[in-house]
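Q: Sharing a structure here in structure tokens format.
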Amino acid sequence: MVTRLSCISTSRIGPLPCSDEDQRYVTILGQLTWAEVSIARPPGLCYSPGSTVPEDPMNRPTQTIDDVVIRFAGDSGDGMQLTGSQFTDTTALQGNDLATFPDFPAEIRAPAGTRAGVSGFQIHFSSSDIHTPGDAPGVLVAMNPAALMANVGDLKRNGLIIVNTDKFTKRDLEKADLEVSPLEDGTLDAFQVVPVQLSKLTKGSVKGLGLGSKESDRCKNFFALGMAYWLFSRDMSHTRSWIEGKFQSPYKEANLAALEAGWSYADTVEVFHSAYEVPPAKLPAGTYRNITGNEALALGFVAAGQLAGREVFQGAYPITPASDVLHHLSKYKHLGVFTFQAEDEIAAVCAAIGAAFGGAIAITSSSGPGIALKGEAIGLATITELPLVIIDIQRGGPSTGLPTKTEQSDLYIALFGRHGESPTPVLAAQTPGDCFYTAVEATRIALKYMMPVMVLTDGYLANGAAPWKLPRLSDLEPIVVEPHTEPEGFQPYMRDPETLARPWAIPGTPGLEHRIGGLEKHDGTGNVSYDPPNHEYMCRMRAEKVKRIQADVPDVVVDGDTDGLLVVSWGGTYGAVRSAVEQARKQGLRCGHVHLRWLNPFPANLEAVLQAADRILVCELNLGQLAYILRATYLVDAVSYAKVQGQPFKVSEVLARIQTLSA
Amino acid sequence: MPINEDPSLPRVTKKDFMSDQTVRWCPGCGDYSILSQVQTVFAGLGIPREKFAVISGIGCSSRFPYYMNTYGFHTIHGRAPAIASGLKLANPELSVWVITGDGDSLSIGGNHLIHVLRRNVDLQILMFNNRIYGLTKGQYSPTSEQGKRTKSSPLGSIDHPFEPCRVALGSDATFVARTVDVFVKEQRAILKESHDHKGASFVEILQNCNIFNDGAYADFTGRADRKERCVFVEHGQPLLFGAEKNKGLALTKRLTLEVIDVTEDNLDQVLVHDETNRVLAGLLSSMRGPLPVALGVLYRVERPTYDGAALAQVAHAKETNTQDFAAALAGKKTWTVS
């Protein structure tokens with residue numbers, strides 16, 4: 001990791017040349033956290049004599065660093081998610097690679113000031129390629145004692161804490177279950193603390209704009225954001241125009257004033273040793289946007305409709321963390337998407353099945369509890385062999401569980417959660433942007449093989465954001481849909497010899513009138529059949545259809561060593577596991593990484609890949625569901641690394657497990 | 001979108017709507033009559049066969065689609081209204097008919113029934129009410145009378161029953177009608193009316209299960225009793241009944257209905273049926289002995305349909321929103337890496 005010196009200007013220039021001496025100096029520093037850098041170097045030293053660095057027009061001492069993890073934490077009502085997403089969008093526009101981790105409670109407004117109500121937003125941004133939102137933040141912005149105490153344990157040693165000291169009254173401390181202020185009792189000795197009277201300063205900045213005391217206080221997240229923007233040399237224009245478009249007067253003016261005041265405060269009061277510059281990452285050429293998993297998923301279905309030239313029908317019922325898929329898709333009516341907010345989860349899937357019968361690209365999106373309710377209807381789509389995509393944005397379970405937290409514990413229900421012999425293809429997205437391609441692929445398979453397909457993502461992917469290179473529709477393979485129209489010789493359960501798909505005979509087509517339903521069908525004619533051998537034949541037929549999808553499933557590729565420790569992951573843990581394996585290999589450990597996109601059917605070469613490995617470690621956010629399935633399917637001695645805490649893997653956790661198994 | 005009623009198309013007959021499947025209801029079941037009336041009415045609507053879809057749930061009545069030579073879908077218990085809604089929205093040109101029973105629509109599927117009526121999706125919902133679970137061989141249903149002894153209520157049912165038409169009215173249905181399986185002429189007329197209504201039409205068909213609940217409606221459907229025990233309501237006409245039309249329904253000061261003997265002098269006291277009056281519809285649908293049973297279109301009003309509004313919204317969005325797919329993909333902000 002080489003860090004280069006530069007200086008920022010308002011016109012946004014890239015990294016600038018600097019002297020060899022400085023280069024060496026910062027190369028060493030690059031191995032420290034950025035916060036340690038700020039201690040190691042007194043302010044002002046970043047301007048190396050004789051370099052061609054232009055003056056910072058704001059005359060700020062500025063250093064260039066490579067990688068930052070910052071976490072904003074406050075009450076659920078403090079606007080931390082908004083602050084985090086503004087910082088994210090701005091950072092994306094500055095060309096950094098990034099990954100985010102919003103972490104918030106299920107309660108919309110838990111009792112103010114309590115630890116239960118703490119909402120956090122972590123962003124990892126970098127001048128190089130990154131895959132996770134970062135294990136430990138180097139900077140924590142804490143709006144109250146509860147937020148401070150709930151998060152300080154995660155902070156890096158010597159990390160920076162920007163804390164709102166106006167929220168440390170006796171009453172505030174009590175709400176956070178504290179007797180003594182952590183600002184005074186030595187709790188924070190290992191960190192650099194920047195105490196800021198955020199509430200008071202914010203009120204001062206919006207004075208005269210006609211806001212009441214409470215309303216003024218609510219602008220303090222923008223004050224904090226302004227400070228963070230100064231600290232990391234972010235361009236504020238995106239947030240300025242966002243505020244202008246989002247708020248009415250006088251809140252617009254107040255939020256803008258708080259934002260500017262935060263920047264000016266950081267600039268004037270010299271609370272920080274210096275500001276930091278994180279140069280743009282060297283991403284592949286193209287046009288980028290910042291995207292969350294749920295946004296990407298929604299756009300993937302819009303794309304599928306365009307590629308297939310058919311209308312998209314979504315049946316959905318509000319549920320965390322899947323509601324955003326409904327919110328996003330409901331904006332695309334002009335692109336041929338109809339969203340149906342049903343009376344319940346069952347109606348949502350059933351309406352989608354009706355739409356599939358009627359010739360639409362049919363999808364239904366939910367999370368674990370909703371998927372459980374949809375089970376019977378998915379069985380109906382299975383036996384009637386209708387194209388349907390079911391999306392499960394996984395969250396912590398069972399039951400209501402941890403609605404806002406991430407988990408991968410729905411693999412079993414995706415694979416097995418229906419009565420009868422009811423095989424279902426299952427695939428899982430691995431990054432926020434990949435949710436787009438997963439949606440397209442699932443739709444393609446559902447239509448090609450005429451069957452329901454299950455897509456798994458999770459709360460981490462759904463709400464997490466990352467820069468995403470925009471695809472062009474013309475670069476994507478068209479989805480070929482050929483509904484049956486020929487009455488001659490038509491039978492509802494006649495089959496394509498290759499895929500075994502039955503024809504899509506859409507109501508309204510003359511001469512193809514036929515009946516389908518939940519009762520077992522005779523193959524070919526589709527007539528109700530209780531014939532014992534026919535039932536077994538049909539059960540095997542439906543299983544065989546899933547198996548044949550393997551022709552469309554690419555082989556897995558091992559990243560690293562194929563004959564050492566093989567680390568297996570699936571879904572949203574991709575980034576953490578990949579990073580851990582990369583680090584382990586840098587440490588000289590013999591290991592490789594294989595990430596599964598398809599969970600049913602598995603890729604054709606998976607067995608050979610597993611057999612070639614010396615040992616197998618399966619990392620997943622459940623109690624070992626994939627490990628169990630791999631052991632059962634391939635008779636391999638897969639070791640499970642399971643975590644079910646509602647939190648994603650840290651890279652260090654996976655790395656430690658790899659090190660243990662490699663020892 | 002209007003259903004294709006092209007007069008140049010060949011005229012279809014009842015036989016065209018009979019499928020090649022053997023009908024497997026019990027001999028003597030009221031469903032046979034309903035099947036026959038539906039096939040007859042379909043043939044007279046001037047709609048090509050491929051434009052019909054018959055969607056059912058689970059239960060004896062729900063085997064119906066297999067016997068209709070149209071598009072059909074025998075779905076899962078209680079969910080037919082939801083599946084039919086999706087079908088109608090995806091394929092608005094279809095004439096979509098939901099076949100359901102008292103258990104299917106008022107017990108396991110109660111939620112879907114009330115919401116499809118509230119939304120006013122343009123469907124015809126034919127609810128066969130035999131006041132018993134037939135396919136599962138004789139348990140009390142949500143319309144079974146209190147005290148009824150069945151396999152699952154050997155000491156008598158303690159459940160208070162639903163009055164289906166009142167459930168429909170309470171769900172803001174725009175078309176609520178009641179008929180009887182064996183009242184062939186009246187039933188056909190109501191099926192036609194339900195089709196002509198734009199919106200969700202709820203038709204309760206009182207249907208006899210001669211195996212598990214025989215004679216459930218015998219007290220007013222027998223040939224001898226019909227005229228004395230039923231009032232066939234007609235919009236704008238006085239609510240008269242009896243073989244000589246000498247009995248009428250009048251409103252008491254307590255806002256309840258009573259039967260009066262009608263003479264030339266008191267004819268003006270007889271209520272005139274107003275199918276747009278929901279209070280009256282509620283009173284009529286609740287009538288049981290000694291009051292006559294009300295049959296016919298109890299309630300009918302115009303209200304924009306859900307599917308119509310959906311189509312209009314999509315059409316408006318397509319007309320006014322010029323954002324193309326590439327722009328949607330790009331979102332609000334992009335940057336370029338070269």
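If you're wondering about the labels, chains in the structure tokens are A, B, ... by order shown, residues count from 1 in each chain, ligands from 1 in order shown.
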Using only C-alpha atoms, determine which residues of chain B fall within 7 Å of chain A; present them as a PDB file with N, CA and C atoms, in the first residue's frame.
A:
ATOM      1  N   GLU B  50     -61.682 -17.978 -25.908  1.00  0.00           N
ATOM      2  CA  GLU B  50     -60.331 -17.812 -25.363  1.00  0.00           C
ATOM      3  C   GLU B  50     -60.204 -16.588 -24.451  1.00  0.00           C
ATOM      4  N   LYS B  51     -61.247 -15.775 -24.432  1.00  0.00           N
ATOM      5  CA  LYS B  51     -61.179 -14.582 -23.581  1.00  0.00           C
ATOM      6  C   LYS B  51     -61.740 -14.827 -22.182  1.00  0.00           C
ATOM      7  N   PRO B  65     -63.478 -25.173 -12.838  1.00  0.00           N
ATOM      8  CA  PRO B  65     -62.739 -24.847 -14.067  1.00  0.00           C
ATOM      9  C   PRO B  65     -62.450 -26.064 -14.942  1.00  0.00           C
ATOM     10  N   TYR B  66     -62.265 -27.243 -14.327  1.00  0.00           N
ATOM     11  CA  TYR B  66     -61.946 -28.432 -15.130  1.00  0.00           C
ATOM     12  C   TYR B  66     -63.082 -28.791 -16.089  1.00  0.00           C
ATOM     13  N   ASN B  69     -64.683 -25.416 -20.817  1.00  0.00           N
ATOM     14  CA  ASN B  69     -63.716 -25.386 -21.918  1.00  0.00           C
ATOM     15  C   ASN B  69     -63.292 -23.943 -22.198  1.00  0.00           C
ATOM     16  N   THR B  70     -62.644 -23.368 -21.220  1.00  0.00           N
ATOM     17  CA  THR B  70     -62.081 -22.021 -21.333  1.00  0.00           C
ATOM     18  C   THR B  70     -60.680 -22.121 -20.739  1.00  0.00           C
ATOM     19  N   TYR B  71     -60.003 -21.001 -20.624  1.00  0.00           N
ATOM     20  CA  TYR B  71     -58.805 -21.014 -19.786  1.00  0.00           C
ATOM     21  C   TYR B  71     -59.261 -21.155 -18.346  1.00  0.00           C
ATOM     22  N   GLY B  72     -58.541 -21.965 -17.585  1.00  0.00           N
ATOM     23  CA  GLY B  72     -58.971 -22.188 -16.210  1.00  0.00           C
ATOM     24  C   GLY B  72     -57.798 -22.455 -15.297  1.00  0.00           C
ATOM     25  N   PHE B  73     -58.002 -22.144 -14.036  1.00  0.00           N
ATOM     26  CA  PHE B  73     -56.929 -22.334 -13.059  1.00  0.00           C
ATOM     27  C   PHE B  73     -57.562 -22.735 -11.732  1.00  0.00           C
ATOM     28  N   HIS B  74     -57.312 -23.981 -11.346  1.00  0.00           N
ATOM     29  CA  HIS B  74     -57.749 -24.514 -10.056  1.00  0.00           C
ATOM     30  C   HIS B  74     -56.598 -24.243  -9.093  1.00  0.00           C
ATOM     31  N   THR B  75     -56.750 -23.250  -8.234  1.00  0.00           N
ATOM     32  CA  THR B  75     -55.576 -22.777  -7.477  1.00  0.00           C
ATOM     33  C   THR B  75     -55.539 -23.402  -6.086  1.00  0.00           C
ATOM     34  N   ILE B  76     -55.228 -22.626  -5.085  1.00  0.00           N
ATOM     35  CA  ILE B  76     -55.116 -23.162  -3.719  1.00  0.00           C
ATOM     36  C   ILE B  76     -56.184 -22.534  -2.823  1.00  0.00           C
ATOM     37  N   ARG B  79     -57.373 -18.610  -2.198  1.00  0.00           N
ATOM     38  CA  ARG B  79     -56.543 -17.585  -2.846  1.00  0.00           C
ATOM     39  C   ARG B  79     -57.013 -17.178  -4.231  1.00  0.00           C
ATOM     40  N   ALA B  82     -57.014 -13.477  -5.254  1.00  0.00           N
ATOM     41  CA  ALA B  82     -55.694 -12.868  -5.444  1.00  0.00           C
ATOM     42  C   ALA B  82     -55.106 -13.281  -6.795  1.00  0.00           C
ATOM     43  N   ILE B  83     -55.241 -14.542  -7.127  1.00  0.00           N
ATOM     44  CA  ILE B  83     -54.697 -15.024  -8.406  1.00  0.00           C
ATOM     45  C   ILE B  83     -55.474 -14.402  -9.566  1.00  0.00           C
ATOM     46  N   ALA B  84     -56.789 -14.326  -9.396  1.00  0.00           N
ATOM     47  CA  ALA B  84     -57.612 -13.709 -10.445  1.00  0.00           C
ATOM     48  C   ALA B  84     -57.260 -12.233 -10.607  1.00  0.00           C
ATOM     49  N   SER B  85     -56.956 -11.560  -9.506  1.00  0.00           N
ATOM     50  CA  SER B  85     -56.581 -10.133  -9.589  1.00  0.00           C
ATOM     51  C   SER B  85     -55.307  -9.975 -10.414  1.00  0.00           C
ATOM     52  N   GLY B  86     -54.313 -10.818 -10.129  1.00  0.00           N
ATOM     53  CA  GLY B  86     -53.061 -10.748 -10.882  1.00  0.00           C
ATOM     54  C   GLY B  86     -53.281 -11.029 -12.356  1.00  0.00           C
ATOM     55  N   LEU B  87     -54.135 -12.010 -12.633  1.00  0.00           N
ATOM     56  CA  LEU B  87     -54.416 -12.361 -14.031  1.00  0.00           C
ATOM     57  C   LEU B  87     -55.108 -11.206 -14.752  1.00  0.00           C
ATOM     58  N   ALA B  90     -52.678  -8.389 -15.405  1.00  0.00           N
ATOM     59  CA  ALA B  90     -51.683  -8.690 -16.436  1.00  0.00           C
ATOM     60  C   ALA B  90     -52.341  -8.812 -17.811  1.00  0.00           C
ATOM     61  N   ASN B  91     -53.609  -9.144 -17.810  1.00  0.00           N
ATOM     62  CA  ASN B  91     -54.273  -9.490 -19.062  1.00  0.00           C
ATOM     63  C   ASN B  91     -55.704  -8.921 -19.031  1.00  0.00           C
ATOM     64  N   LEU B  94     -59.315 -10.072 -20.559  1.00  0.00           N
ATOM     65  CA  LEU B  94     -60.017 -11.312 -20.209  1.00  0.00           C
ATOM     66  C   LEU B  94     -61.269 -11.032 -19.390  1.00  0.00           C
ATOM     67  N   HIS B 112     -58.734 -12.239   1.327  1.00  0.00           N
ATOM     68  CA  HIS B 112     -58.659 -11.911  -0.100  1.00  0.00           C
ATOM     69  C   HIS B 112     -60.014 -11.445  -0.614  1.00  0.00           C
ATOM     70  N   HIS B 115     -60.699  -7.811   0.367  1.00  0.00           N
ATOM     71  CA  HIS B 115     -59.837  -6.844  -0.320  1.00  0.00           C
ATOM     72  C   HIS B 115     -60.118  -6.766  -1.819  1.00  0.00           C
ATOM     73  N   VAL B 314     -50.620   3.470 -15.495  1.00  0.00           N
ATOM     74  CA  VAL B 314     -49.487   3.029 -16.312  1.00  0.00           C
ATOM     75  C   VAL B 314     -49.454   3.828 -17.623  1.00  0.00           C
ATOM     76  N   ALA B 317     -48.270   7.311 -16.979  1.00  0.00           N
ATOM     77  CA  ALA B 317     -46.822   7.334 -16.709  1.00  0.00           C
ATOM     78  C   ALA B 317     -46.043   7.201 -18.014  1.00  0.00           C
ATOM     79  N   LYS B 318     -46.507   6.312 -18.883  1.00  0.00           N
ATOM     80  CA  LYS B 318     -45.801   6.109 -20.156  1.00  0.00           C
ATOM     81  C   LYS B 318     -45.883   7.367 -21.029  1.00  0.00           C
ATOM     82  N   ASN B 321     -43.859  10.421 -18.602  1.00  0.00           N
ATOM     83  CA  ASN B 321     -42.496  10.252 -18.100  1.00  0.00           C
ATOM     84  C   ASN B 321     -41.596   9.807 -19.246  1.00  0.00           C
ATOM     85  N   LEU B 329     -31.438   3.642 -15.116  1.00  0.00           N
ATOM     86  CA  LEU B 329     -30.285   2.898 -14.613  1.00  0.00           C
ATOM     87  C   LEU B 329     -29.264   3.859 -13.999  1.00  0.00           C
ATOM     88  N   ALA B 330     -29.079   4.991 -14.642  1.00  0.00           N
ATOM     89  CA  ALA B 330     -28.067   5.943 -14.189  1.00  0.00           C
ATOM     90  C   ALA B 330     -28.469   6.614 -12.884  1.00  0.00           C
ATOM     91  N   LYS B 333     -27.173  10.561 -10.015  1.00  0.00           N
ATOM     92  CA  LYS B 333     -25.806  11.063 -10.200  1.00  0.00           C
ATOM     93  C   LYS B 333     -24.913   9.956 -10.738  1.00  0.00           C
ATOM     94  N   THR B 334     -24.110  10.293 -11.702  1.00  0.00           N
ATOM     95  CA  THR B 334     -23.112   9.336 -12.191  1.00  0.00           C
ATOM     96  C   THR B 334     -21.766  10.047 -12.285  1.00  0.00           C
ATOM     97  N   TRP B 335     -20.717   9.262 -12.434  1.00  0.00           N
ATOM     98  CA  TRP B 335     -19.405   9.816 -12.736  1.00  0.00           C
ATOM     99  C   TRP B 335     -18.701   8.872 -13.685  1.00  0.00           C
ATOM    100  N   THR B 336     -17.739   9.417 -14.367  1.00  0.00           N
ATOM    101  CA  THR B 336     -17.077   8.627 -15.397  1.00  0.00           C
ATOM    102  C   THR B 336     -15.632   8.362 -15.022  1.00  0.00           C
ATOM    103  N   VAL B 337     -15.229   7.135 -15.191  1.00  0.00           N
ATOM    104  CA  VAL B 337     -13.828   6.764 -15.009  1.00  0.00           C
ATOM    105  C   VAL B 337     -13.278   6.470 -16.395  1.00  0.00           C
ATOM    106  N   SER B 338     -12.194   7.150 -16.760  1.00  0.00           N
ATOM    107  CA  SER B 338     -11.666   6.911 -18.110  1.00  0.00           C
ATOM    108  C   SER B 338     -10.335   6.175 -18.052  1.00  0.00           C
TER     109      SER B 338
END
Q: When you look at Ile70 (chain A) with a cut-off of 8 Å (counting only C-alpha atoms), what residues show up, excluding the ones that are within fewer than 6 positions of it in the same chain? I need them as a compact mmCIF listing (two decimals) with C-alpha atoms, in the first residue's frame.
A:
# COMPACT_ATOMS: atom_id res chain seq x y z
CA GLN A 122 -20.48 2.87 8.44
CA ILE A 123 -18.72 3.68 5.23
CA HIS A 124 -15.40 2.35 4.02
CA PRO A 137 -13.83 2.34 11.98
CA GLY A 138 -11.00 4.83 12.34
CA VAL A 139 -13.45 7.66 12.90
CA LEU A 140 -16.60 7.66 14.97
CA VAL A 141 -19.08 10.51 14.94
Q: Quick one: everything within 9 Å of region 181-185 of chain B, counting only C-alpha atoms, minus sequence neighbours fewer than 3 positions away in the same chain. Send it as a ChimeraX atom specification.
A: /B:30-34,37,128,188-190,205-208,221
Q: Go ahead and write the selection's residues with C-alpha atoms as a PDB file, in the first residue's frame.
A:
ATOM      1  CA  GLY B  30     -76.497 -28.265  -6.796  1.00  0.00           C
ATOM      2  CA  ASP B  31     -73.227 -27.556  -8.599  1.00  0.00           C
ATOM      3  CA  TYR B  32     -74.493 -29.327 -11.732  1.00  0.00           C
ATOM      4  CA  SER B  33     -77.178 -26.740 -12.196  1.00  0.00           C
ATOM      5  CA  ILE B  34     -74.784 -23.849 -11.670  1.00  0.00           C
ATOM      6  CA  GLN B  37     -76.276 -22.031 -16.188  1.00  0.00           C
ATOM      7  CA  PHE B 128     -71.466 -21.335  -3.821  1.00  0.00           C
ATOM      8  CA  ARG B 188     -78.969 -16.854 -15.469  1.00  0.00           C
ATOM      9  CA  ALA B 189     -80.239 -13.307 -15.310  1.00  0.00           C
ATOM     10  CA  ILE B 190     -78.015 -12.536 -12.337  1.00  0.00           C
ATOM     11  CA  ILE B 205     -75.491 -18.841  -4.943  1.00  0.00           C
ATOM     12  CA  LEU B 206     -77.391 -20.812  -2.346  1.00  0.00           C
ATOM     13  CA  GLN B 207     -76.434 -24.364  -3.218  1.00  0.00           C
ATOM     14  CA  ASN B 208     -77.664 -27.614  -1.815  1.00  0.00           C
ATOM     15  CA  THR B 221     -86.730 -23.165  -2.241  1.00  0.00           C
TER      16      THR B 221
END
Q: Please provide as a PDB file with N, CA and C atoms, in the first residue's frame all residues within 6 Å of Ala429 (chain A), with the sequence filter that same-chain residues fewer than 3 positions apart are discarded (counting only C-alpha atoms).
A:
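The file below, part.pdb, is the result:
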ATOM      1  N   ASP A 434     -24.327  -6.678  -7.970  1.00  0.00           N
ATOM      2  CA  ASP A 434     -24.608  -8.002  -8.519  1.00  0.00           C
ATOM      3  C   ASP A 434     -26.098  -8.350  -8.385  1.00  0.00           C
ATOM      4  N   CYS A 435     -26.793  -7.688  -7.499  1.00  0.00           N
ATOM      5  CA  CYS A 435     -28.241  -7.932  -7.379  1.00  0.00           C
ATOM      6  C   CYS A 435     -28.929  -7.681  -8.719  1.00  0.00           C
ATOM      7  N   THR A 438     -28.293 -10.707 -10.911  1.00  0.00           N
ATOM      8  CA  THR A 438     -29.003 -11.856 -10.347  1.00  0.00           C
ATOM      9  C   THR A 438     -30.482 -11.804 -10.735  1.00  0.00           C
ATOM     10  N   THR A 457     -31.020 -12.586  -1.375  1.00  0.00           N
ATOM     11  CA  THR A 457     -30.037 -11.561  -1.019  1.00  0.00           C
ATOM     12  C   THR A 457     -30.154 -11.437   0.500  1.00  0.00           C
ATOM     13  N   GLY A 571     -23.565 -15.829  -1.412  1.00  0.00           N
ATOM     14  CA  GLY A 571     -24.337 -14.637  -1.087  1.00  0.00           C
ATOM     15  C   GLY A 571     -23.498 -13.457  -0.641  1.00  0.00           C
TER      16      GLY A 571
END
Q: From a DSSP calculation on the backbone, collect every residue of region 161-260 of chain B in strand (DSSP E or B) and output the set as a PyMOL selection string.
A: chain B and resi 175-180+201-206+209+213+230-232+238+240-241+247-251+257-260
Q: Could you list, as a PyMOL selection string, every residue within 12 Å of Ala110 (chain A), counting only C-alpha atoms and ignoring same-chain residues fewer than 3 positions away?
A: chain A and resi 74-78+104-107+113-119+175
